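File shown here: my_file18.pdb, holding PDB, C-alpha atoms.
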ATOM      1  CA  MET A 536     102.059  91.772 107.794  1.00  0.00           C
ATOM      2  CA  THR A 537     104.025  92.912 104.771  1.00  0.00           C
ATOM      3  CA  THR A 538     104.873  90.540 101.968  1.00  0.00           C
ATOM      4  CA  GLU A 539     108.413  91.329 100.843  1.00  0.00           C
ATOM      5  CA  ARG A 540     109.591  89.948  97.523  1.00  0.00           C
ATOM      6  CA  ALA A 541     113.339  89.385  97.238  1.00  0.00           C
ATOM      7  CA  LEU A 542     113.268  88.714  93.501  1.00  0.00           C
ATOM      8  CA  THR A 543     112.602  91.097  90.647  1.00  0.00           C
ATOM      9  CA  PRO A 544     108.864  91.631  90.564  1.00  0.00           C
ATOM     10  CA  ASP A 545     106.845  89.911  87.860  1.00  0.00           C
ATOM     11  CA  ALA A 546     104.228  92.131  86.192  1.00  0.00           C
ATOM     12  CA  ASP A 547     101.796  89.230  85.809  1.00  0.00           C
ATOM     13  CA  GLN A 548     102.028  88.415  89.518  1.00  0.00           C
ATOM     14  CA  ILE A 549     101.581  92.052  90.475  1.00  0.00           C
ATOM     15  CA  LEU A 550      98.553  92.263  88.153  1.00  0.00           C
ATOM     16  CA  ALA A 551      97.132  89.198  89.920  1.00  0.00           C
ATOM     17  CA  ASP A 552      97.841  90.753  93.341  1.00  0.00           C
ATOM     18  CA  ILE A 553      96.172  94.041  92.405  1.00  0.00           C
ATOM     19  CA  THR A 554      93.248  92.214  90.773  1.00  0.00           C
ATOM     20  CA  GLY A 555      92.705  90.337  94.046  1.00  0.00           C
ATOM     21  CA  MET A 556      92.723  93.598  96.004  1.00  0.00           C
ATOM     22  CA  LEU A 557      90.244  95.140  93.583  1.00  0.00           C
ATOM     23  CA  ARG A 558      87.947  92.112  93.682  1.00  0.00           C
ATOM     24  CA  THR A 559      87.784  92.406  97.475  1.00  0.00           C
ATOM     25  CA  LEU A 560      86.975  96.103  97.177  1.00  0.00           C
ATOM     26  CA  LEU A 561      84.396  95.541  94.421  1.00  0.00           C
ATOM     27  CA  GLU A 562      82.632  92.795  96.391  1.00  0.00           C
ATOM     28  CA  GLU A 563      81.485  95.501  98.795  1.00  0.00           C
ATOM     29  CA  TYR A 564      79.543  97.063  95.903  1.00  0.00           C
ATOM     30  CA  GLY A 565      78.226  93.781  94.488  1.00  0.00           C
ATOM     31  CA  PHE A 566      80.386  94.396  91.432  1.00  0.00           C
ATOM     32  CA  ASP A 567      82.669  91.391  91.901  1.00  0.00           C
ATOM     33  CA  ASP A 568      82.165  89.880  88.434  1.00  0.00           C
ATOM     34  CA  ALA A 569      83.867  92.786  86.624  1.00  0.00           C
ATOM     35  CA  GLU A 570      86.519  91.895  84.091  1.00  0.00           C
ATOM     36  CA  ILE A 571      89.873  93.294  85.202  1.00  0.00           C
ATOM     37  CA  THR A 572      92.687  93.569  82.662  1.00  0.00           C
ATOM     38  CA  ARG A 573      95.622  95.922  82.117  1.00  0.00           C
ATOM     39  CA  GLU A 574      93.317  98.135  80.020  1.00  0.00           C
ATOM     40  CA  THR A 575      90.572  98.385  82.662  1.00  0.00           C
ATOM     41  CA  THR A 576      90.140 101.898  84.012  1.00  0.00           C
ATOM     42  CA  PHE A 577      89.470 102.590  87.678  1.00  0.00           C
ATOM     43  CA  HIS A 578      86.884 105.289  87.041  1.00  0.00           C
ATOM     44  CA  HIS A 579      84.970 104.376  83.875  1.00  0.00           C
ATOM     45  CA  ASP A 580      85.142 100.567  83.974  1.00  0.00           C
ATOM     46  CA  LEU A 581      85.174  99.846  87.708  1.00  0.00           C
ATOM     47  CA  GLU A 582      83.341 103.022  88.755  1.00  0.00           C
ATOM     48  CA  LEU A 583      85.696 103.573  91.678  1.00  0.00           C
ATOM     49  CA  GLU A 584      85.741 106.920  93.456  1.00  0.00           C
ATOM     50  CA  SER A 585      88.627 108.719  95.141  1.00  0.00           C
ATOM     51  CA  ILE A 586      87.842 107.113  98.516  1.00  0.00           C
ATOM     52  CA  ASP A 587      88.223 103.705  96.854  1.00  0.00           C
ATOM     53  CA  LEU A 588      91.672 104.713  95.629  1.00  0.00           C
ATOM     54  CA  VAL A 589      92.568 105.658  99.199  1.00  0.00           C
ATOM     55  CA  THR A 590      91.483 102.175 100.297  1.00  0.00           C
ATOM     56  CA  LEU A 591      93.501 100.604  97.475  1.00  0.00           C
ATOM     57  CA  SER A 592      96.503 102.700  98.477  1.00  0.00           C
ATOM     58  CA  GLY A 593      96.324 101.219 101.978  1.00  0.00           C
ATOM     59  CA  GLN A 594      96.068  97.702 100.581  1.00  0.00           C
ATOM     60  CA  LEU A 595      99.089  98.280  98.342  1.00  0.00           C
ATOM     61  CA  ARG A 596     101.118  99.560 101.290  1.00  0.00           C
ATOM     62  CA  GLU A 597     100.022  96.623 103.438  1.00  0.00           C
ATOM     63  CA  HIS A 598     100.930  94.120 100.724  1.00  0.00           C
ATOM     64  CA  PHE A 599     104.143  95.638  99.333  1.00  0.00           C
ATOM     65  CA  GLY A 600     105.261  97.792 102.239  1.00  0.00           C
ATOM     66  CA  ASP A 601     106.454 101.387 102.132  1.00  0.00           C
ATOM     67  CA  ARG A 602     108.133 100.703  98.801  1.00  0.00           C
ATOM     68  CA  ILE A 603     104.884 101.650  97.066  1.00  0.00           C
ATOM     69  CA  ASN A 604     103.771 105.251  97.520  1.00  0.00           C
ATOM     70  CA  PHE A 605     100.487 105.384  95.627  1.00  0.00           C
ATOM     71  CA  ALA A 606      99.680 108.877  96.911  1.00  0.00           C
ATOM     72  CA  GLU A 607     102.922 110.194  95.431  1.00  0.00           C
ATOM     73  CA  PHE A 608     102.139 108.462  92.125  1.00  0.00           C
ATOM     74  CA  ILE A 609      98.659 110.030  91.961  1.00  0.00           C
ATOM     75  CA  ALA A 610      99.973 113.453  93.015  1.00  0.00           C
ATOM     76  CA  ASP A 611     102.137 113.576  89.876  1.00  0.00           C
ATOM     77  CA  LEU A 612      99.108 113.103  87.588  1.00  0.00           C
ATOM     78  CA  GLU A 613      96.685 115.619  86.133  1.00  0.00           C
ATOM     79  CA  LEU A 614      92.972 115.152  86.912  1.00  0.00           C
ATOM     80  CA  GLU A 615      92.245 113.760  83.439  1.00  0.00           C
ATOM     81  CA  GLN A 616      95.094 111.237  83.823  1.00  0.00           C
ATOM     82  CA  ILE A 617      93.658 110.103  87.161  1.00  0.00           C
ATOM     83  CA  ILE A 618      90.218 109.671  85.621  1.00  0.00           C
ATOM     84  CA  GLU A 619      91.693 107.623  82.744  1.00  0.00           C
ATOM     85  CA  LEU A 620      94.125 105.656  84.964  1.00  0.00           C
ATOM     86  CA  THR A 621      94.307 101.988  83.982  1.00  0.00           C
ATOM     87  CA  ILE A 622      95.166  98.905  85.977  1.00  0.00           C
ATOM     88  CA  GLY A 623      98.174  98.448  83.683  1.00  0.00           C
ATOM     89  CA  GLU A 624      99.533 101.873  84.576  1.00  0.00           C
ATOM     90  CA  LEU A 625      99.290 101.007  88.256  1.00  0.00           C
ATOM     91  CA  VAL A 626     100.962  97.634  87.663  1.00  0.00           C
ATOM     92  CA  ASP A 627     103.806  99.365  85.789  1.00  0.00           C
ATOM     93  CA  PHE A 628     104.198 101.865  88.645  1.00  0.00           C
ATOM     94  CA  VAL A 629     104.420  99.053  91.206  1.00  0.00           C
ATOM     95  CA  VAL A 630     106.920  97.094  89.085  1.00  0.00           C
ATOM     96  CA  ASP A 631     109.046 100.228  88.564  1.00  0.00           C
ATOM     97  CA  SER A 632     108.918 101.102  92.270  1.00  0.00           C
ATOM     98  CA  LEU A 633     109.915  97.593  93.327  1.00  0.00           C
ATOM     99  CA  ASN A 634     112.696  97.442  90.725  1.00  0.00           C
ATOM    100  CA  ARG A 635     114.009 100.830  91.890  1.00  0.00           C
ATOM    101  CA  VAL A 636     114.132  99.569  95.475  1.00  0.00           C
ATOM    102  CA  GLU A 637     115.880  96.362  94.343  1.00  0.00           C
ATOM    103  CA  ALA A 638     118.483  98.390  92.410  1.00  0.00           C
ATOM    104  CA  GLU A 639     119.099 100.702  95.377  1.00  0.00           C
ATOM    105  CA  GLY A 640     119.196  97.796  97.825  1.00  0.00           C
TER     106      GLY A 640
END

Show me this structure written as structure tokens.
Amino acid sequence: MTTERALTPDADQILADITGMLRTLLEEYGFDDAEITRETTFHHDLELESIDLVTLSGQLREHFGDRINFAEFIADLELEQIIELTIGELVDFVVDSLNRVEAEG
């Protein structure tokens, strides 16, 4: 079931949503006590691999619907940018994507 937000997305709420998704994913590795902030990196801090990003992509789509195309976002990045990708950058992408949909709506 997709959660659709009718109002302009709030970055803090989206950070909380993504943090929840990541905590669920990290629990599988016994790494559920990790600190997650806007500055946290997926690769260095959380030690997530590409398959984990695929899982996260599915969770984002399930939560926000087709409005969030994580694969397209990643495809536009260089390898080094993907390795250094932060939670904050993902939050900003989600906020921008949701705002763009709201403006087009």

Residues within 10 Å of Phe605 (chain A), only C-alpha atoms, excluding chain neighbours under 4 positions, as a VMD selection string: chain A and resid 588 to 589 591 to 593 595 to 596 601 609 to 610 625 628 to 629

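The nearest approach to Glu582 (chain A) among the residues A:Asp547, A:Ile618, A:Glu624, A:Asp552, with all atoms listed in the file taken into account, belongs to A:Ile618.
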
Test item: the PyMOL selection byres ((chain A and resi 569-580) around 12) resolved as a PyMOL selection string: chain A and resi 546-547+549-562+564-568+581-588+591+614-627

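Rounded to one decimal, CA of Pro544 (chain A) and CA of Ser632 (chain A) lie 9.6 Å from each other.
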
Taking all atoms of region 619-623 of chain A that the file lists, what box with edges along x, y and z, padded by 5 Å per side, do you get, with centre and edge lengths in Å to one decimal, as JSON?
{"center_x": 94.9, "center_y": 103.0, "center_z": 84.4, "size_x": 16.5, "size_y": 19.2, "size_z": 13.2}

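Residues with any atom within 6 Å of the point (110.5, 94.7, 91.9), counting all atoms listed in the file, are Thr543, Pro544, Val630, Leu633 and Asn634 of chain A.
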
Generate a file of the selected residues that holds C-alpha atoms, formatted as a tab-separated table (two decimals), in the coordinates of the input.
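Wrote it out as selection.tsv, contents follow:
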chain	number	residue	atom	x	y	z
A	543	THR	CA	112.60	91.10	90.65
A	544	PRO	CA	108.86	91.63	90.56
A	630	VAL	CA	106.92	97.09	89.08
A	633	LEU	CA	109.92	97.59	93.33
A	634	ASN	CA	112.70	97.44	90.72

Å distance separating CA of Glu613 (chain A) from CA of Phe599 (chain A), one decimal place: 25.1 Å
